[in-house]
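Taking it in order: structure first as structure tokens, then the write-up.
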Amino acid sequence: MNTYPQRKAIRLQSYDYSKNGLYFVTICINEQKCLLGRIIDNDIILNDAGNMIKKWYQNIETKFKDIFCLDFIIMPNHIHFILHIDSPNDRTDNNIISIVQWFKIMTTNEYIKNVKKNNWQPFNKKLWQRSFYEHIIRNEVSYHQIATYIEHNPYNWKKDKLYVKE
């Protein structure tokens, strides 16, 4: 008898995450610590860590063939973004999971260097939560709703389920 809680799978078991399409992704800072900036007057003011996250997000297109970075927002304790896989073969060599894994590794390594070198606020054991949230965007209406959600995220910060009072 297994007495340990079982982690629920959050990916669609039969879905190919390397297929062409749009993907809405949310990655959260471990323990929901606000390490990336602050919301002031309904705008996100990124700190150095937030700007570093932005740099690595913008490098995704350079690193991964057939991947295009669309709408994104960096919040104090998470990031939302939309990735577009557009390969002539209807699928790419990389999938959303490997892209997010690469992004987490690169940002964590640079964050650790800056904790040591520039006294950035340390994190507890890991920078990012273990997994991430994704949603397959299936039509244009859904895309526009999610893009609007991303754009208005700083304005709605205090209503967000990830909101943490600073």
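Identifiers in this document derive from the order of the structure tokens: chains are assigned A, B, ..., residues are numbered from 1 separately in each chain, and ligands are numbered from 1 in order of occurrence.
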
Near segment 102-113 of chain A, counting only C-alpha atoms, which residues have an atom at most 8 Å away, once you skip same-chain residues fewer than 6 positions from it, shown as a PyMOL selection string?
chain A and resi 49+52-53+56-57+60+120+122+126-128

Quick one: DSSP alpha helix (DSSP H) residues in segment 20-139 of chain A, as a ChimeraX atom specification?
/A:48-58,60-63,96-118

Those in chain A with strand (DSSP E or B) from DSSP, as a VMD selection string:
chain A and resid 19 21 to 29 37 to 40 43 to 46 67 to 74 78 to 85 91 128 133 to 137

Within 10 Å of Asn153 of chain A, counting only C-alpha atoms, which residues show up once you throw out same-chain ones fewer than 6 positions away? Write them as a short mmCIF file (atom, residue, chain, number, x, y, z; two decimals) with N, CA and C atoms, in the first residue's frame, please.
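File produced: part.cif:
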data_model
loop_
_atom_site.label_atom_id
_atom_site.label_comp_id
_atom_site.auth_asym_id
_atom_site.auth_seq_id
_atom_site.Cartn_x
_atom_site.Cartn_y
_atom_site.Cartn_z
N ASN A 42 -0.27 49.59 -11.21
CA ASN A 42 -0.77 48.63 -12.20
C ASN A 42 0.21 48.32 -13.34
N ASP A 43 1.48 48.61 -13.14
CA ASP A 43 2.52 48.25 -14.10
C ASP A 43 3.57 47.40 -13.41
N ILE A 44 4.14 46.46 -14.16
CA ILE A 44 5.23 45.66 -13.61
C ILE A 44 6.53 46.45 -13.77
N ILE A 73 4.30 38.18 -20.24
CA ILE A 73 4.36 39.14 -19.12
C ILE A 73 5.14 38.47 -18.00
N ILE A 74 6.05 39.22 -17.44
CA ILE A 74 6.77 38.76 -16.25
C ILE A 74 6.11 39.46 -15.07
N MET A 75 5.67 38.68 -14.12
CA MET A 75 5.04 39.18 -12.91
C MET A 75 6.02 39.00 -11.75
N HIS A 80 4.00 34.46 -17.62
CA HIS A 80 3.05 33.91 -18.59
C HIS A 80 3.60 34.19 -19.98
N ALA A 147 -4.26 36.40 -24.75
CA ALA A 147 -3.38 37.56 -24.96
C ALA A 147 -3.87 38.75 -24.15
N LYS A 159 -6.06 40.55 -7.73
CA LYS A 159 -7.13 39.55 -7.86
C LYS A 159 -6.57 38.20 -8.31
N ASP A 160 -5.29 38.16 -8.65
CA ASP A 160 -4.65 36.96 -9.20
C ASP A 160 -4.50 35.91 -8.11
#

Exercise: segment 19-35 of chain A partners within 7 Å, only C-alpha atoms, chain neighbours under 5 positions left out, as an NGL selection string
:A and (49 or 76-87 or 90-92 or 126-129 or 132-137)

Report, in Å with one decimal, the straight-line distance from atom CA of Ser18 of chain A to atom CA of Asp66 of chain A.
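A separation of 10.2 Å between them.
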